[in-house]
Protein chains: 2
Amino acid sequence: MGKKLTSRAEDYSKWYNELVVKADLAENSAVRGCMVIKPYGYAIWEKMQAELDKMFKETGHQNAYFPLFVPKSLFEAEEKNAEGFAKECAVVTHYRLQNDPDKPGKLRVDPEARLEEELVVRPTSEAIIWNTFRGWVQSYRDLPLLINQWANVVRWEMRTRLFLRTAEFLWQEGHTAHETKKEALDEAALMNNVYATFAEKFMAIPVIQGLKTESERFAGADETYCIEALMQDGKALQAGTSHFLGQNFAKAFDVKFANKEGKQDYVWATSWGVSTRLMGALIMTHSDDNGLVLPPSLAPNQVVIVPIYKSEEDLNNITEVANSILTDLRAKNITVKYDNRDTHRPGAKFAQHELQGVPIRIAIGPKDLANGTVEIARRDTLTKEVVNLNVLAEKIESLLKEIQDALFNKALDFRNSHITEVDTFEDFKTVLETKTGFISAHWDGTTETEDKIKELTKATIRCVPLDAKEETGVCVYSGKPSARRVLFAKAY
Amino acid sequence: MGKKLTSRAEDYSKWYNELVVKADLAENSAVRGCMVIKPYGYAIWEKMQAELDKMFKETGHQNAYFPLFVPKSLFEAEEKNAEGFAKECAVVTHYRLQNDPDKPGKLRVDPEARLEEELVVRPTSEAIIWNTFRGWVQSYRDLPLLINQWANVVRWEMRTRLFLRTAEFLWQEGHTAHETKKEALDEAALMNNVYATFAEKFMAIPVIQGLKTESERFAGADETYCIEALMQDGKALQAGTSHFLGQNFAKAFDVKFANKEGKQDYVWATSWGVSTRLMGALIMTHSDDNGLVLPPSLAPNQVVIVPIYKSEEDLNNITEVANSILTDLRAKNITVKYDNRDTHRPGAKFAQHELQGVPIRIAIGPKDLANGTVEIARRDTLTKEVVNLNVLAEKIESLLKEIQDALFNKALDFRNSHITEVDTFEDFKTVLETKTGFISAHWDGTTETEDKIKELTKATIRCVPLDAKEETGVCVYSGKPSARRVLFAKAY
């Protein structure tokens with residue numbers, strides 16, 4: 001496993017990068033800013049995908065697939081969206097390589113094979129999808145269109161970090177079309193709520209649902225819902241967004257329908273997405289200085305069994321017990337692995353499973369055989385316990401639930417203790433420098449003030465929480481009147 | 001639904017294109033050669049993916065994800081592979097767009113944002129993956145590496161057809177690394193066999209397993225296994241390939257390991273893939289002039305229930321019966337949909353479900369209510385039957401199995417009756433012009449003869465079947481000696 005992780009206190013950012021690599025989640029690739037998602041990391045992502053996909057289908061959505069490329073003329077059509085993404089687009093200009101006449105054995109782009117129109121590698125798919133939707137919608141009978149796509153997208157970011165910000169990332173993007181404004185607004189709120197439920201129930205990450213300010217909105221959206229989480233270093237992370245797009249894309253791509261009265265109208269739109277960035281949120285919410293800590297509902301292996309033996313005979317007896325545990329746990333739909341590799345010692349296995357965040361480790365040694373017991377160790381609390389074989393399966397089942405809840409509650413306590421109400425700009429700056437976390441403060445509603453605060457403190461408005469109370473106050477910066485508090489934080 | 005499909009006899013190619021679009025499987029997009037996979041088509045692909053993914057995992061493979069882009073210098077490293085794909089590469093040269101100074105509201109590539117090294121959009125991922133594997137393999141303990149990736153790839157094809165040949169397509173690509181040549185050869189054979197099992201059991205498509213000749217091999221492979229299917233027009237379709245790559249990529253990317261004796265050696269490799277092309281094979285194997293015919297194991301809806309009613313009261317009573325059928329069938333893991341849309345008449349619903357290939361349709365009308373019966377219709381045979389409600393669930397369950405088998409057997413009979421042994425070149429040409437299908441003939445083993453036959457007849461060697469008997473003969477074209485027959489056909 002190599003040497004110990006850098007601790008969080010020592011260097012949080014280094015701790016994160018080391019953990020991602022050492023726990024076999026992902027690594028950098030030969031392509032600037034693009035990562036390789038390794039099998040263990042991908043297995044966690046697959047569990048997220050499966051659960052999200054189920055939730056999308058239960059809310060009536062269907063999957064489809066649209067082209068990777070967006071012709072420049074379509075990319076340009078919705079101006080705000082184009083403007084928002086133009087600076088980070090990978091662009092295909094040629095469709096062929098040829099032998100380089102100057103360098104034997106090397107290739108170069110064939111100058112004769114230049115595309116008539118450049119193709120943008122999708123940074124998001126509104127343009128290509130809305131151009132397609134035009135053909136799918138004639139009348140109100142064709143609505144709503146409730147489509148989701150699982151795909152890779154590319155945004156040419158200059159500063160990248162594994163999972164958190166990569167040039168290519170994996171995501172899902174929902175794209176829906178509706179008869180009325182209200183329906184589209186409801187859809188955007190519904191899907192943001194689906195994300196919140198997923199984050200809290202499966203990822204054990206408490207999130208705040210809110211609306212973005214104008215300057216933080218998705219390019220092309222009239223309203224952006226979001227879920228915001230708090231990492232252990234006190235920085236916020238936007239974990240998912242759901243956009244009400246108004247009729248902007250319908251107008252840009254001329255998507256009209258005949259309503260029930262037979263009149264032509266533009267449809268109303270939403271789009272919503274979460275990405276492999278969620279992996280970063282998962283890691284930074286729960287993990288500790290010993291490595292990854294995974295909530296049981298997303299752990300590729302919820303339980304691992306490690307045999308401790310000196311003789312072949314011991315191993316055989318332990319294997320017999322282990323097999324019966326495997327059977328009992330699998331009958332309860334618990335994913336469990338028997339780590340009987342003879343190439344590694346128990347200590348190395350313990351270290352690996354700890355680093356990789358397996359929620360429960362079962363160790364079986366000769367003494368356990370004699371006593372009819374096993375030793376179980378919880379990854380989250382690092383506590384151990386001796387358990388009788390005859391109650392083991394029930395114990396593990398309830399313990400997995402307990403761990404899932406404990407992780408959520410621990411993260412919730414941390415988050416709640418890191419929301420500070422401040423009423424002066426001095427306090428605002430002090431909190432940011434000392435305690436960090438979310439700052440709940442009054443704001444005058446102007447982009448000017450928002451920009452000024454960002455410039456002075458690096459804190460941005462994460463959201464206007466959906467449950468924000470009406471409360472008369474004055475802006476923490478400008479002193480102008482304000483009707484509710486918003487949440488500021490430094491953010492990933 | 002629009003007007004009737006063109007019949008297969010009239011114009012097979014046109015029938016296929018119309019069917020794909022009318023059955024809501026896919027359509028062309030604004031990007032040359034790239035398709036949109038519509039929700040109904042994607043649902044079938046998802047079923048294929050789920051089953052294949054299960055089979056890959058059962059044979060010990062893990063999923064991972066590698067970058068979309070391949071830097072040109074890596075792309076070049078394995079020369080044969082580079083040469084094979086260079087002519088059809090989409091190439092990213094720039095990473096930013098900017099406002100076009102000459103055209104207000106338009107964008108252009110920013111000439112300042114030219115990449116130092118061009119990026120090839122992966123046409124296949126050997127290069128980027130083998131460059132990564134170098135860091136994953138040190139000793140024999142790290143082997144085998146059994147990796148699979150679900151991804152999109154791009155090959156700039158000039159003549160494209162929905163599903164069969166598209167510039168972008170979806171696929172899975174397995175990439176494995178092994179200690180010994182034998183292990184890698186066994187892996188390539190194993191995965192070809194997994195494909196064959198999948199094609200026959202799930203897609204109900206009989207396939208012939210064989211080896212490709214040198215000129216038809218994957219660029220960079222030492223041996224290519226394949227599964228070959230026969231379409232209803234008598235043309236063959238390569239449905240999957242599995243490659244033994246020798247040490248070619250290990251040498252190109254310097255992937256060595258310490259073997260059990262402590263000596264450094266290059267690893268042995270395989271890669272294998274199937275793609276959305278399988279959708280084309282599925283459609284062309286089973287469908288008829290009325291539309292799509294789907295094997296039950298891949299049908300998004302195995303059963304659809306259509307109510308036939310005049311009064312609200314009838315509908316309520318029918319719905320009650322339908323709900324109880326839904327419960328019974330779902331308890332048997334049968335996917336069933338109650339089509340109670342009030343926007344369409346029963347006739348339109350029948351036509352749609354027939355066009356979309358739902359294996360069994362259940363119709364319930366007022367007379368059925370009185371008699372405790374329903375009418376069931378089989379999509380494959382277009383036959384109808386009245387069935388008592390009390391035996392319906394069992395009947396449907398056994399009928400779905402029967403349909404699955406019937407489709408396979410029908411395709412098998414067709415395929416077997418379209419393999420013709422010929423011993424003269426005259427017969428060869430006659431069979432190709434009249435009966436088509438596979439031609440089993442002797443071949444002298446040279447690329448020269450293979451090319452000549454292709455030039456004269458458009459037929460290629462589809463494979464040397466794995467079960468080909470030793471049989472002394474003379475080449476159908478050159479008259480030179482041959483030890484076994486190979487399969488020729490015109491192919492997609």
# chains A, B, ... in the order shown; residues from 1 in each chain; ligands from 1
call {"tool": "interface_residues", "arguments": {"of": "chain A", "to": "chain B", "cutoff": "6 Å", "atoms": "only C-alpha atoms", "output": "list in words"}}
result
Val36, Ile37, Lys38, Pro39, Tyr42, Gln62, Asn63, Ala64, Tyr65, Phe66, Ala86, Lys87, Glu88, Cys89, Ala90, Val91, Val92, His94, Tyr95, Arg96 and Leu97 of chain A
call {"tool": "write_last_selection", "arguments": {"atoms": "C-alpha atoms", "output": "CSV table (one decimal), in the first residue's frame"}}
result
chain,number,residue,atom,x,y,z
A,36,VAL,CA,-8.9,7.4,-15.7
A,37,ILE,CA,-11.7,6.1,-13.5
A,38,LYS,CA,-10.3,2.8,-12.1
A,39,PRO,CA,-12.4,-0.3,-11.5
A,42,TYR,CA,-16.1,3.0,-11.3
A,62,GLN,CA,-36.8,7.6,-20.4
A,63,ASN,CA,-33.2,7.3,-21.5
A,64,ALA,CA,-32.0,8.2,-25.0
A,65,TYR,CA,-28.7,9.0,-26.7
A,66,PHE,CA,-27.7,12.1,-28.7
A,86,ALA,CA,-17.5,29.0,-25.9
A,87,LYS,CA,-14.3,29.5,-23.8
A,88,GLU,CA,-14.0,25.9,-22.8
A,89,CYS,CA,-14.9,23.9,-25.9
A,90,ALA,CA,-12.9,21.2,-27.5
A,91,VAL,CA,-13.3,21.6,-31.3
A,92,VAL,CA,-13.0,19.0,-34.0
A,94,HIS,CA,-10.5,17.5,-39.2
A,95,TYR,CA,-11.6,14.0,-39.9
A,96,ARG,CA,-8.5,12.3,-41.1
A,97,LEU,CA,-4.8,11.8,-40.2
call {"tool": "residues_around", "arguments": {"residues": "A:Trp130", "least_positions_apart": "4", "cutoff": "7 Å", "atoms": "only C-alpha atoms", "output": "JSON, numbers by chain"}}
result
{"A": [126, 134, 249, 253]}
call {"tool": "select_by_dssp", "arguments": {"residues": "stretch 20-121 of chain B", "states": "alpha helix (DSSP H)", "output": "compact mmCIF listing (two decimals) with N, CA and C atoms, in the first residue's frame"}}
result
# COMPACT_ATOMS: atom_id res chain seq x y z
N VAL B 20 -36.56 1.44 -38.90
CA VAL B 20 -35.79 2.00 -37.77
C VAL B 20 -36.41 3.32 -37.32
N VAL B 21 -36.81 4.14 -38.28
CA VAL B 21 -37.37 5.44 -37.94
C VAL B 21 -38.80 5.32 -37.43
N LYS B 22 -39.64 4.55 -38.16
CA LYS B 22 -41.06 4.47 -37.80
C LYS B 22 -41.29 3.74 -36.48
N PRO B 39 -35.80 6.88 -27.36
CA PRO B 39 -36.04 6.12 -26.12
C PRO B 39 -36.40 4.64 -26.34
N TYR B 40 -37.22 4.34 -27.34
CA TYR B 40 -37.60 2.94 -27.51
C TYR B 40 -36.41 2.09 -27.96
N GLY B 41 -35.61 2.63 -28.86
CA GLY B 41 -34.40 1.93 -29.29
C GLY B 41 -33.40 1.81 -28.16
N TYR B 42 -33.29 2.88 -27.39
CA TYR B 42 -32.32 2.86 -26.29
C TYR B 42 -32.72 1.86 -25.21
N ALA B 43 -34.02 1.69 -25.01
CA ALA B 43 -34.48 0.73 -24.00
C ALA B 43 -34.05 -0.69 -24.39
N ILE B 44 -34.06 -0.98 -25.69
CA ILE B 44 -33.61 -2.30 -26.14
C ILE B 44 -32.09 -2.43 -25.92
N TRP B 45 -31.37 -1.37 -26.28
CA TRP B 45 -29.92 -1.37 -26.07
C TRP B 45 -29.58 -1.55 -24.57
N GLU B 46 -30.33 -0.89 -23.70
CA GLU B 46 -30.10 -1.03 -22.25
C GLU B 46 -30.27 -2.48 -21.81
N LYS B 47 -31.24 -3.17 -22.40
CA LYS B 47 -31.44 -4.58 -22.04
C LYS B 47 -30.25 -5.42 -22.50
N MET B 48 -29.74 -5.11 -23.68
CA MET B 48 -28.55 -5.81 -24.16
C MET B 48 -27.37 -5.54 -23.22
N GLN B 49 -27.18 -4.26 -22.90
CA GLN B 49 -26.08 -3.87 -22.02
C GLN B 49 -26.15 -4.61 -20.68
N ALA B 50 -27.34 -4.63 -20.10
CA ALA B 50 -27.49 -5.24 -18.77
C ALA B 50 -27.08 -6.71 -18.81
N GLU B 51 -27.53 -7.41 -19.86
CA GLU B 51 -27.23 -8.83 -19.95
C GLU B 51 -25.74 -9.06 -20.22
N LEU B 52 -25.19 -8.31 -21.16
CA LEU B 52 -23.75 -8.46 -21.46
C LEU B 52 -22.91 -8.11 -20.24
N ASP B 53 -23.27 -7.03 -19.58
CA ASP B 53 -22.51 -6.60 -18.41
C ASP B 53 -22.48 -7.71 -17.35
N LYS B 54 -23.62 -8.34 -17.18
CA LYS B 54 -23.71 -9.46 -16.22
C LYS B 54 -22.77 -10.59 -16.65
N MET B 55 -22.79 -10.89 -17.93
CA MET B 55 -21.93 -11.98 -18.43
C MET B 55 -20.45 -11.63 -18.28
N PHE B 56 -20.11 -10.37 -18.51
CA PHE B 56 -18.70 -9.96 -18.35
C PHE B 56 -18.28 -10.09 -16.89
N LYS B 57 -19.14 -9.66 -15.98
CA LYS B 57 -18.80 -9.72 -14.56
C LYS B 57 -18.71 -11.17 -14.09
N GLU B 58 -19.60 -12.00 -14.60
CA GLU B 58 -19.55 -13.43 -14.22
C GLU B 58 -18.26 -14.09 -14.71
N LYS B 72 -2.06 12.38 -30.09
CA LYS B 72 -1.57 11.84 -31.36
C LYS B 72 -0.34 10.94 -31.16
N SER B 73 0.55 11.35 -30.27
CA SER B 73 1.78 10.56 -30.06
C SER B 73 1.49 9.16 -29.51
N LEU B 74 0.42 9.02 -28.74
CA LEU B 74 0.06 7.68 -28.26
C LEU B 74 -0.65 6.91 -29.36
N PHE B 75 -1.49 7.63 -30.08
CA PHE B 75 -2.23 7.01 -31.18
C PHE B 75 -1.27 6.36 -32.19
N GLU B 79 1.93 0.80 -34.64
CA GLU B 79 1.87 1.26 -36.02
C GLU B 79 0.72 0.70 -36.85
N LYS B 80 0.48 -0.61 -36.71
CA LYS B 80 -0.59 -1.19 -37.53
C LYS B 80 -1.94 -0.65 -37.13
N ASN B 81 -2.14 -0.52 -35.81
CA ASN B 81 -3.40 0.02 -35.30
C ASN B 81 -3.58 1.45 -35.79
N ALA B 82 -2.54 2.25 -35.71
CA ALA B 82 -2.59 3.65 -36.15
C ALA B 82 -2.92 3.72 -37.64
N GLU B 83 -2.23 2.89 -38.41
CA GLU B 83 -2.45 2.89 -39.86
C GLU B 83 -3.88 2.50 -40.19
N GLY B 84 -4.41 1.52 -39.43
CA GLY B 84 -5.77 1.04 -39.69
C GLY B 84 -6.84 2.08 -39.43
N PHE B 85 -6.60 2.95 -38.46
CA PHE B 85 -7.65 3.89 -38.08
C PHE B 85 -7.40 5.34 -38.49
call {"tool": "residues_around", "arguments": {"residues": "A:Ile403", "least_positions_apart": "2", "cutoff": "10 Å", "atoms": "only C-alpha atoms", "output": "number ranges by chain"}}
result
A: 204, 294-297, 359-360, 378-381, 398-401, 405-409
call {"tool": "select_by_dssp", "arguments": {"residues": "stretch 271-464 of chain B", "states": "strand (DSSP E)", "output": "number ranges by chain"}}
result
B: 271-275, 303-307, 336-338, 360-364, 373-378, 384-388, 419-421, 438-442, 460-464
call {"tool": "decode", "arguments": {"residues": "stretch 238-360 of chain A", "atoms": "C-alpha atoms", "output": "mmCIF file, in the first residue's frame"}}
result
data_model
loop_
_atom_site.group_PDB
_atom_site.id
_atom_site.type_symbol
_atom_site.label_atom_id
_atom_site.label_comp_id
_atom_site.auth_asym_id
_atom_site.auth_seq_id
_atom_site.Cartn_x
_atom_site.Cartn_y
_atom_site.Cartn_z
ATOM 1 C CA GLN A 238 -22.419 22.205 -5.641
ATOM 2 C CA ALA A 239 -23.533 18.600 -6.008
ATOM 3 C CA GLY A 240 -26.309 18.893 -8.572
ATOM 4 C CA THR A 241 -28.322 21.476 -10.491
ATOM 5 C CA SER A 242 -31.747 21.575 -12.109
ATOM 6 C CA HIS A 243 -32.604 24.363 -14.508
ATOM 7 C CA PHE A 244 -35.821 25.998 -15.587
ATOM 8 C CA LEU A 245 -34.944 27.116 -19.123
ATOM 9 C CA GLY A 246 -38.106 29.049 -19.867
ATOM 10 C CA GLN A 247 -38.756 29.156 -23.619
ATOM 11 C CA ASN A 248 -35.158 30.133 -24.425
ATOM 12 C CA PHE A 249 -34.177 26.938 -26.222
ATOM 13 C CA ALA A 250 -37.624 26.468 -27.744
ATOM 14 C CA LYS A 251 -37.278 29.882 -29.324
ATOM 15 C CA ALA A 252 -33.672 29.387 -30.402
ATOM 16 C CA PHE A 253 -34.556 26.055 -32.060
ATOM 17 C CA ASP A 254 -38.132 26.869 -33.065
ATOM 18 C CA VAL A 255 -39.819 24.122 -31.057
ATOM 19 C CA LYS A 256 -43.530 24.900 -31.159
ATOM 20 C CA PHE A 257 -46.611 22.833 -30.424
ATOM 21 C CA ALA A 258 -50.320 23.108 -31.080
ATOM 22 C CA ASN A 259 -51.943 23.569 -27.652
ATOM 23 C CA LYS A 260 -55.387 22.264 -26.668
ATOM 24 C CA GLU A 261 -56.978 25.340 -28.226
ATOM 25 C CA GLY A 262 -55.162 24.614 -31.490
ATOM 26 C CA LYS A 263 -52.835 27.610 -31.164
ATOM 27 C CA GLN A 264 -49.086 27.412 -31.744
ATOM 28 C CA ASP A 265 -46.903 28.070 -28.723
ATOM 29 C CA TYR A 266 -43.269 27.524 -27.757
ATOM 30 C CA VAL A 267 -42.693 24.697 -25.289
ATOM 31 C CA TRP A 268 -41.219 25.201 -21.815
ATOM 32 C CA ALA A 269 -37.996 23.469 -20.878
ATOM 33 C CA THR A 270 -35.866 22.094 -18.083
ATOM 34 C CA SER A 271 -32.480 20.431 -17.887
ATOM 35 C CA TRP A 272 -30.775 18.859 -14.870
ATOM 36 C CA GLY A 273 -27.576 17.003 -14.201
ATOM 37 C CA VAL A 274 -25.255 15.349 -11.756
ATOM 38 C CA SER A 275 -21.810 14.099 -12.634
ATOM 39 C CA THR A 276 -18.783 12.118 -11.477
ATOM 40 C CA ARG A 277 -18.161 15.199 -9.328
ATOM 41 C CA LEU A 278 -20.453 13.431 -6.869
ATOM 42 C CA MET A 279 -17.558 11.037 -6.294
ATOM 43 C CA GLY A 280 -15.536 13.977 -4.984
ATOM 44 C CA ALA A 281 -18.391 14.986 -2.678
ATOM 45 C CA LEU A 282 -18.694 11.426 -1.399
ATOM 46 C CA ILE A 283 -14.982 11.158 -0.669
ATOM 47 C CA MET A 284 -14.652 14.542 1.009
ATOM 48 C CA THR A 285 -17.761 14.225 3.157
ATOM 49 C CA HIS A 286 -17.002 10.964 4.945
ATOM 50 C CA SER A 287 -13.367 9.946 4.596
ATOM 51 C CA ASP A 288 -10.711 10.257 7.289
ATOM 52 C CA ASP A 289 -6.945 10.167 7.691
ATOM 53 C CA ASN A 290 -6.954 6.373 7.295
ATOM 54 C CA GLY A 291 -8.593 6.555 3.902
ATOM 55 C CA LEU A 292 -11.970 6.232 2.305
ATOM 56 C CA VAL A 293 -15.158 5.815 4.340
ATOM 57 C CA LEU A 294 -18.111 4.607 2.286
ATOM 58 C CA PRO A 295 -21.784 4.561 3.156
ATOM 59 C CA PRO A 296 -22.970 0.938 2.916
ATOM 60 C CA SER A 297 -25.484 1.734 0.182
ATOM 61 C CA LEU A 298 -22.689 2.726 -2.225
ATOM 62 C CA ALA A 299 -19.910 0.371 -1.141
ATOM 63 C CA PRO A 300 -18.946 -2.153 -3.854
ATOM 64 C CA ASN A 301 -18.256 -4.574 -0.991
ATOM 65 C CA GLN A 302 -20.246 -3.881 2.139
ATOM 66 C CA VAL A 303 -18.438 -6.585 4.048
ATOM 67 C CA VAL A 304 -15.093 -8.285 3.603
ATOM 68 C CA ILE A 305 -13.994 -11.466 5.364
ATOM 69 C CA VAL A 306 -10.301 -11.946 6.102
ATOM 70 C CA PRO A 307 -9.011 -15.347 7.262
ATOM 71 C CA ILE A 308 -6.151 -15.409 9.786
ATOM 72 C CA TYR A 309 -4.289 -18.695 9.742
ATOM 73 C CA LYS A 310 -0.950 -20.404 10.018
ATOM 74 C CA SER A 311 -1.771 -23.912 8.826
ATOM 75 C CA GLU A 312 -3.545 -25.201 5.761
ATOM 76 C CA GLU A 313 -5.927 -26.998 8.131
ATOM 77 C CA ASP A 314 -6.878 -23.743 9.882
ATOM 78 C CA LEU A 315 -7.508 -22.147 6.512
ATOM 79 C CA ASN A 316 -9.773 -24.993 5.468
ATOM 80 C CA ASN A 317 -11.787 -24.731 8.660
ATOM 81 C CA ILE A 318 -11.993 -20.945 8.380
ATOM 82 C CA THR A 319 -13.067 -21.204 4.746
ATOM 83 C CA GLU A 320 -15.895 -23.487 5.746
ATOM 84 C CA VAL A 321 -17.155 -20.903 8.257
ATOM 85 C CA ALA A 322 -16.586 -18.082 5.764
ATOM 86 C CA ASN A 323 -18.619 -19.854 3.091
ATOM 87 C CA SER A 324 -21.533 -20.232 5.438
ATOM 88 C CA ILE A 325 -21.311 -16.502 6.311
ATOM 89 C CA LEU A 326 -21.210 -15.647 2.582
ATOM 90 C CA THR A 327 -24.374 -17.641 2.044
ATOM 91 C CA ASP A 328 -26.195 -16.049 4.971
ATOM 92 C CA LEU A 329 -25.207 -12.480 4.065
ATOM 93 C CA ARG A 330 -25.948 -12.860 0.361
ATOM 94 C CA ALA A 331 -29.388 -14.182 1.260
ATOM 95 C CA LYS A 332 -29.918 -10.772 2.865
ATOM 96 C CA ASN A 333 -28.696 -8.994 -0.299
ATOM 97 C CA ILE A 334 -25.503 -7.912 1.421
ATOM 98 C CA THR A 335 -22.470 -7.729 -0.884
ATOM 99 C CA VAL A 336 -19.607 -9.580 0.722
ATOM 100 C CA LYS A 337 -16.205 -10.701 -0.438
ATOM 101 C CA TYR A 338 -14.005 -13.435 0.999
ATOM 102 C CA ASP A 339 -10.462 -12.121 0.710
ATOM 103 C CA ASN A 340 -8.531 -15.381 0.720
ATOM 104 C CA ARG A 341 -5.626 -14.167 -1.435
ATOM 105 C CA ASP A 342 -2.504 -16.069 -0.461
ATOM 106 C CA THR A 343 -0.278 -13.319 -1.856
ATOM 107 C CA HIS A 344 -1.017 -10.872 0.987
ATOM 108 C CA ARG A 345 -0.771 -11.060 4.769
ATOM 109 C CA PRO A 346 -3.805 -10.213 6.949
ATOM 110 C CA GLY A 347 -2.216 -6.916 8.009
ATOM 111 C CA ALA A 348 -1.855 -5.791 4.408
ATOM 112 C CA LYS A 349 -5.437 -6.823 3.691
ATOM 113 C CA PHE A 350 -6.712 -4.903 6.736
ATOM 114 C CA ALA A 351 -4.836 -1.821 5.564
ATOM 115 C CA GLN A 352 -6.189 -2.104 2.036
ATOM 116 C CA HIS A 353 -9.807 -2.545 3.061
ATOM 117 C CA GLU A 354 -9.490 0.321 5.520
ATOM 118 C CA LEU A 355 -7.994 2.542 2.822
ATOM 119 C CA GLN A 356 -10.759 1.515 0.418
ATOM 120 C CA GLY A 357 -13.529 2.137 2.948
ATOM 121 C CA VAL A 358 -15.167 -1.286 3.227
ATOM 122 C CA PRO A 359 -17.846 -0.601 5.876
ATOM 123 C CA ILE A 360 -17.441 -3.834 7.867
#
